[in-house]
>>> print(open('coords.txt').read())   # compact mmCIF, C-alpha atoms and all ligand atoms
# COMPACT_ATOMS: atom_id res chain seq x y z
CA MET A 1 80.89 35.79 127.57
CA ARG A 2 81.00 36.70 123.88
CA ASP A 3 78.09 35.58 121.71
CA THR A 4 79.82 34.34 118.56
CA ALA A 5 76.54 33.50 116.79
CA ASN A 6 75.68 37.19 116.48
CA PRO A 7 78.48 39.16 114.80
CA ASN A 8 76.99 42.49 115.86
CA ARG A 9 77.18 41.53 119.55
CA THR A 10 80.34 42.85 121.17
CA GLY A 11 80.31 41.43 124.71
CA ARG A 12 80.65 45.05 125.85
CA PRO A 13 78.57 46.01 128.93
CA GLY A 14 75.40 47.70 127.69
CA ALA A 15 75.52 46.03 124.27
CA TRP A 16 72.19 44.25 124.76
CA SER A 17 70.41 47.37 125.97
CA ASP A 18 71.82 49.30 122.98
CA ALA A 19 70.58 46.57 120.63
CA TRP A 20 67.14 46.71 122.25
CA ARG A 21 67.04 50.51 122.07
CA PHE A 22 68.14 50.40 118.44
CA PHE A 23 65.43 47.86 117.60
CA ARG A 24 62.76 50.00 119.34
CA ALA A 25 63.92 53.01 117.34
CA PHE A 26 63.60 50.90 114.17
CA LEU A 27 60.01 49.97 115.10
CA ARG A 28 59.19 53.66 115.67
CA SER A 29 60.79 54.89 112.49
CA PRO A 30 61.97 52.14 110.09
CA GLY A 31 62.59 54.62 107.23
CA THR A 32 65.14 56.70 109.13
CA ILE A 33 66.82 53.89 111.08
CA GLY A 34 67.06 51.48 108.13
CA ALA A 35 68.45 48.53 110.18
CA VAL A 36 67.37 46.26 113.03
CA LEU A 37 70.71 46.05 114.87
CA PRO A 38 73.66 48.40 115.48
CA SER A 39 76.72 47.77 113.30
CA SER A 40 79.42 45.35 114.42
CA ARG A 41 82.93 46.35 115.47
CA HIS A 42 84.20 44.61 112.32
CA LEU A 43 82.23 47.07 110.19
CA ALA A 44 83.39 49.94 112.43
CA HIS A 45 87.03 49.03 111.73
CA ARG A 46 86.40 48.96 107.96
CA MET A 47 84.62 52.33 108.17
CA LEU A 48 87.55 54.03 109.87
CA GLU A 49 90.22 52.67 107.54
CA GLY A 50 92.32 55.44 106.02
CA HIS A 51 90.84 58.22 108.20
CA ASP A 52 93.24 60.57 109.96
CA LEU A 53 91.41 61.31 113.20
CA GLU A 54 94.51 62.27 115.14
CA GLY A 55 95.88 65.14 113.09
CA GLY A 56 93.61 68.06 114.05
CA GLY A 57 90.86 69.57 111.89
CA VAL A 58 87.23 68.53 111.96
CA VAL A 59 85.77 65.01 112.02
CA VAL A 60 82.04 64.53 111.43
CA GLU A 61 79.87 61.52 112.14
CA LEU A 62 76.41 61.42 110.59
CA GLY A 63 73.68 59.12 111.96
CA PRO A 64 75.66 57.70 114.91
CA GLY A 65 72.58 55.98 116.45
CA THR A 66 73.67 54.07 119.57
CA GLY A 67 77.35 54.81 118.87
CA ALA A 68 78.62 51.68 117.08
CA PHE A 69 81.24 53.80 115.25
CA THR A 70 81.46 56.64 117.80
CA ARG A 71 83.05 54.41 120.43
CA HIS A 72 85.87 53.62 117.98
CA ILE A 73 86.21 57.23 116.81
CA GLU A 74 86.44 58.93 120.21
CA PRO A 75 89.62 57.22 121.51
CA ARG A 76 91.42 57.98 118.23
CA LEU A 77 90.72 61.73 118.24
CA GLY A 78 93.79 63.94 118.50
CA ALA A 79 93.93 66.67 121.16
CA GLU A 80 93.41 69.33 118.45
CA THR A 81 90.67 67.45 116.58
CA GLN A 82 87.12 68.71 116.79
CA CYS A 83 84.37 66.10 116.38
CA LEU A 84 80.72 66.81 115.58
CA ALA A 85 78.00 64.14 115.38
CA LEU A 86 74.59 64.84 113.82
CA GLU A 87 71.79 62.48 114.83
CA LEU A 88 68.09 62.84 114.01
CA ASP A 89 66.76 60.81 116.97
CA PRO A 90 66.53 63.00 120.13
CA GLU A 91 66.76 60.09 122.60
CA ALA A 92 69.82 58.60 120.87
CA SER A 93 71.46 62.07 120.71
CA LEU A 94 71.04 62.63 124.45
CA ARG A 95 72.41 59.22 125.39
CA LEU A 96 75.34 59.57 122.99
CA GLN A 97 76.27 62.98 124.41
CA GLN A 98 76.29 61.55 127.95
CA ARG A 99 78.54 58.68 126.88
CA HIS A 100 80.90 60.70 124.69
CA PRO A 101 81.50 64.11 126.27
CA ARG A 102 84.52 64.67 123.96
CA ILE A 103 82.18 64.73 120.95
CA ARG A 104 79.70 67.52 120.24
CA VAL A 105 76.43 65.68 119.56
CA ILE A 106 73.83 67.71 117.66
CA ASN A 107 70.22 66.58 117.40
CA ASP A 108 69.59 67.63 113.81
CA SER A 109 69.52 66.33 110.26
CA ALA A 110 72.66 65.88 108.20
CA GLU A 111 70.97 68.25 105.72
CA ASN A 112 72.09 71.09 108.03
CA LEU A 113 75.74 70.06 108.35
CA GLY A 114 77.02 73.29 106.71
CA SER A 115 75.44 75.58 109.31
CA HIS A 116 76.70 73.43 112.21
CA LEU A 117 80.25 73.46 110.83
CA ALA A 118 80.04 77.25 110.49
CA ALA A 119 78.74 77.57 114.08
CA HIS A 120 81.87 75.70 115.18
CA GLY A 121 84.17 77.96 113.18
CA ALA A 122 84.81 75.54 110.30
CA THR A 123 83.99 75.54 106.59
CA ARG A 124 85.13 71.99 105.72
CA ALA A 125 85.62 68.63 107.44
CA GLY A 126 88.63 66.39 106.85
CA SER A 127 86.76 63.17 107.68
CA ILE A 128 83.06 62.41 107.34
CA ILE A 129 81.80 59.03 108.54
CA SER A 130 78.17 58.20 107.88
CA GLY A 131 75.72 55.59 109.15
CA ILE A 132 72.76 57.15 107.33
CA PRO A 133 70.55 54.55 105.60
CA TRP A 134 70.65 55.84 101.99
CA ALA A 135 68.72 52.89 100.57
CA ALA A 136 65.74 53.75 102.82
CA MET A 137 65.72 57.38 101.68
CA PRO A 138 64.05 59.10 98.69
CA PRO A 139 66.54 60.10 95.92
CA THR A 140 65.91 63.85 96.40
CA LEU A 141 67.00 63.64 100.05
CA GLN A 142 70.00 61.47 99.07
CA GLU A 143 70.99 64.23 96.62
CA THR A 144 70.60 67.00 99.19
CA ILE A 145 72.63 65.27 101.91
CA LEU A 146 75.31 63.66 99.71
CA GLY A 147 75.67 66.88 97.65
CA GLY A 148 76.21 68.78 100.90
CA ILE A 149 78.81 66.26 102.06
CA ALA A 150 80.76 66.61 98.80
CA ARG A 151 80.72 70.42 99.15
CA LEU A 152 81.74 70.35 102.81
CA LEU A 153 84.50 67.73 102.58
CA ALA A 154 88.04 69.16 102.41
CA PRO A 155 89.74 68.60 99.01
CA GLU A 156 92.12 66.07 100.65
CA GLY A 157 89.37 64.66 102.89
CA ARG A 158 87.77 61.23 103.08
CA PHE A 159 84.10 60.28 103.29
CA SER A 160 83.04 56.75 104.26
CA THR A 161 79.57 55.28 104.27
CA PHE A 162 78.29 51.72 104.43
CA THR A 163 75.49 49.86 102.78
CA TYR A 164 74.03 46.39 103.21
CA ILE A 165 74.73 43.50 100.84
CA GLN A 166 71.32 43.71 99.16
CA SER A 167 71.17 47.51 98.76
CA PRO A 168 72.94 47.90 95.37
CA HIS A 169 70.20 45.67 93.93
CA THR A 170 67.45 48.02 95.07
CA ARG A 171 66.42 51.15 93.13
CA ARG A 172 67.39 53.58 95.91
CA GLY A 173 70.61 51.74 96.72
CA ALA A 174 71.65 51.82 93.06
CA ALA A 175 70.77 55.54 92.85
CA CYS A 176 73.06 56.20 95.82
CA ALA A 177 75.98 54.33 94.20
CA THR A 178 75.53 56.34 90.96
CA LEU A 179 75.39 59.58 92.91
CA LEU A 180 78.64 58.80 94.76
CA GLU A 181 80.40 58.23 91.41
CA ARG A 182 79.10 61.60 90.21
CA LEU A 183 80.09 63.53 93.34
CA PHE A 184 83.57 62.07 94.01
CA GLY A 185 86.59 61.54 91.78
CA ARG A 186 87.52 58.39 93.63
CA VAL A 187 85.09 55.79 95.06
CA GLU A 188 86.40 52.48 96.43
CA ARG A 189 84.31 49.58 97.68
CA SER A 190 85.69 47.64 100.65
CA PRO A 191 85.53 43.85 100.80
CA MET A 192 82.20 42.56 102.16
CA VAL A 193 82.10 42.54 105.97
CA TRP A 194 80.46 39.18 106.64
CA ARG A 195 80.75 39.61 110.40
CA ASN A 196 77.91 42.10 110.48
CA PHE A 197 74.16 41.52 110.35
CA PRO A 198 73.18 42.01 107.60
CA PRO A 199 76.59 41.74 105.83
CA ALA A 200 77.68 45.14 104.59
CA PHE A 201 80.44 46.92 102.71
CA VAL A 202 81.88 50.42 102.80
CA TYR A 203 82.20 53.06 100.09
CA HIS A 204 85.34 55.12 100.75
CA CYS A 205 85.08 58.37 98.76
CA GLU A 206 87.75 61.00 98.06
CA GLN A 207 88.36 63.93 95.70
CA PRO A 208 85.03 65.74 95.97
CA ARG A 209 84.18 67.34 92.61
C1 LIG A 301 71.35 52.37 110.35
S1 LIG A 301 71.35 53.46 111.76
C2 LIG A 301 73.13 53.47 111.99
C3 LIG A 301 73.54 53.74 113.39
C4 LIG A 301 75.03 53.48 113.68
N1 LIG A 301 75.88 54.36 112.92
C5 LIG A 301 75.36 52.04 113.36
O1 LIG A 301 76.00 51.80 112.32
O2 LIG A 301 74.96 51.15 114.13
C6 LIG A 301 71.00 55.03 111.01
C7 LIG A 301 71.02 56.23 111.95
O3 LIG A 301 70.96 57.41 111.13
C8 LIG A 301 70.07 58.35 111.72
N2 LIG A 301 69.59 59.23 110.64
C9 LIG A 301 68.75 58.92 109.62
N3 LIG A 301 68.60 59.98 108.81
C10 LIG A 301 69.36 60.99 109.33
C11 LIG A 301 69.62 62.33 108.95
N4 LIG A 301 69.04 62.87 107.87
N5 LIG A 301 70.47 63.06 109.71
C12 LIG A 301 71.07 62.54 110.82
N6 LIG A 301 70.84 61.27 111.23
C13 LIG A 301 70.01 60.50 110.51
C14 LIG A 301 68.98 57.48 112.34
O4 LIG A 301 68.27 58.16 113.35
C15 LIG A 301 69.82 56.31 112.88
O5 LIG A 301 70.27 56.55 114.20
>>> encode(input="coords.txt", output="structure tokens")
Amino acid sequence: MRDTANPNRTGRPGAWSDAWRFFRAFLRSPGTIGAVLPSSRHLAHRMLEGHDLEGGGVVVELGPGTGAFTRHIEPRLGAETQCLALELDPEASLRLQQRHPRIRVINDSAENLGSHLAAHGATRAGSIISGIPWAAMPPTLQETILGGIARLLAPEGRFSTFTYIQSPHTRRGAACATLLERLFGRVERSPMVWRNFPPAFVYHCEQPR
């Protein structure tokens, strides 16, 4: 039975245990998790808009957590597409690798994306999809990770990242929005995804400078 009161609940087997695991991870480390529930499938669909996951090349997911976006990415991957996911939490990384054998899950920080791409024979990624909580992160770390993403995204590539409704009104959330404008020639904001808790929107970024 689908729980319509909670937009982040999917009715999928294992959804409650994922939500519980996610919440426990938040209690352990609120600053790196940055949310109390996994994202909804409605937000996942917005995140993947405009991404070519079928056409070969390299797709990267940053901060996949319990796999709210991963489970929508994996079935869309083309036979020639390589997919790497970088997740800081060791327990989440292990579980994600078991569930998604097609994806190479790496238990490391997004700060080290360049070396992991190189280890997989790539210099750039065509798609980068991020669940990293920028608004919970100090500006220097935002600069390091987002600067790296802009350098490692292919010139025709697409980078998508979400933020919660309140974040642009916080100091760190506003700093992140300013940084995206500086690093990318084109930054588009999606409509608000109300069927997510908390409501969120996506920044779709192209033309890395
Ligand atoms: C808000 S959760 C999002 C999880 C999932 N993408 C979703 O939307 O439900 C943020 C995730 O980013 C991970 N994370 C935070 N900082 C990171 C970093 N520097 N590198 C890789 N993962 C990171 C956290 O461990 C957590 O799993």
>>> residues_near_ligand(input="coords.txt", ligand="ligand LIG 301 (chain A)", cutoff="6 Å", atoms="only C-alpha atoms and all ligand atoms", output="number ranges by chain")
A: 32-35, 38-39, 62-65, 67-69, 86-89, 109-110, 131-133
>>> closest_residue(input="coords.txt", among="A:Leu53, A:Ala19, A:Ala200, A:Leu180", to="Ser127 of chain A", atoms="only C-alpha atoms")
A:Leu53
>>> residues_near_point(input="coords.txt", point="(70.5, 57.0, 128.1)", cutoff="12 Å", atoms="only C-alpha atoms", output="number ranges by chain")
A: 14, 17-18, 21-22, 65-67, 90-100
>>> closest_residue(input="coords.txt", among="A:His45, A:Leu37, A:Arg76, A:Gly57", to="Arg124 of chain A", atoms="only C-alpha atoms")
A:Gly57
>>> closest_residue(input="coords.txt", among="A:His42, A:Trp134, A:Gly185, A:Leu27", to="Pro199 of chain A", atoms="only C-alpha atoms")
A:His42
>>> atom_distance(input="coords.txt", atom1="atom CA of Thr178 of chain A", atom2="atom CA of Val193 of chain A")
21.4 Å
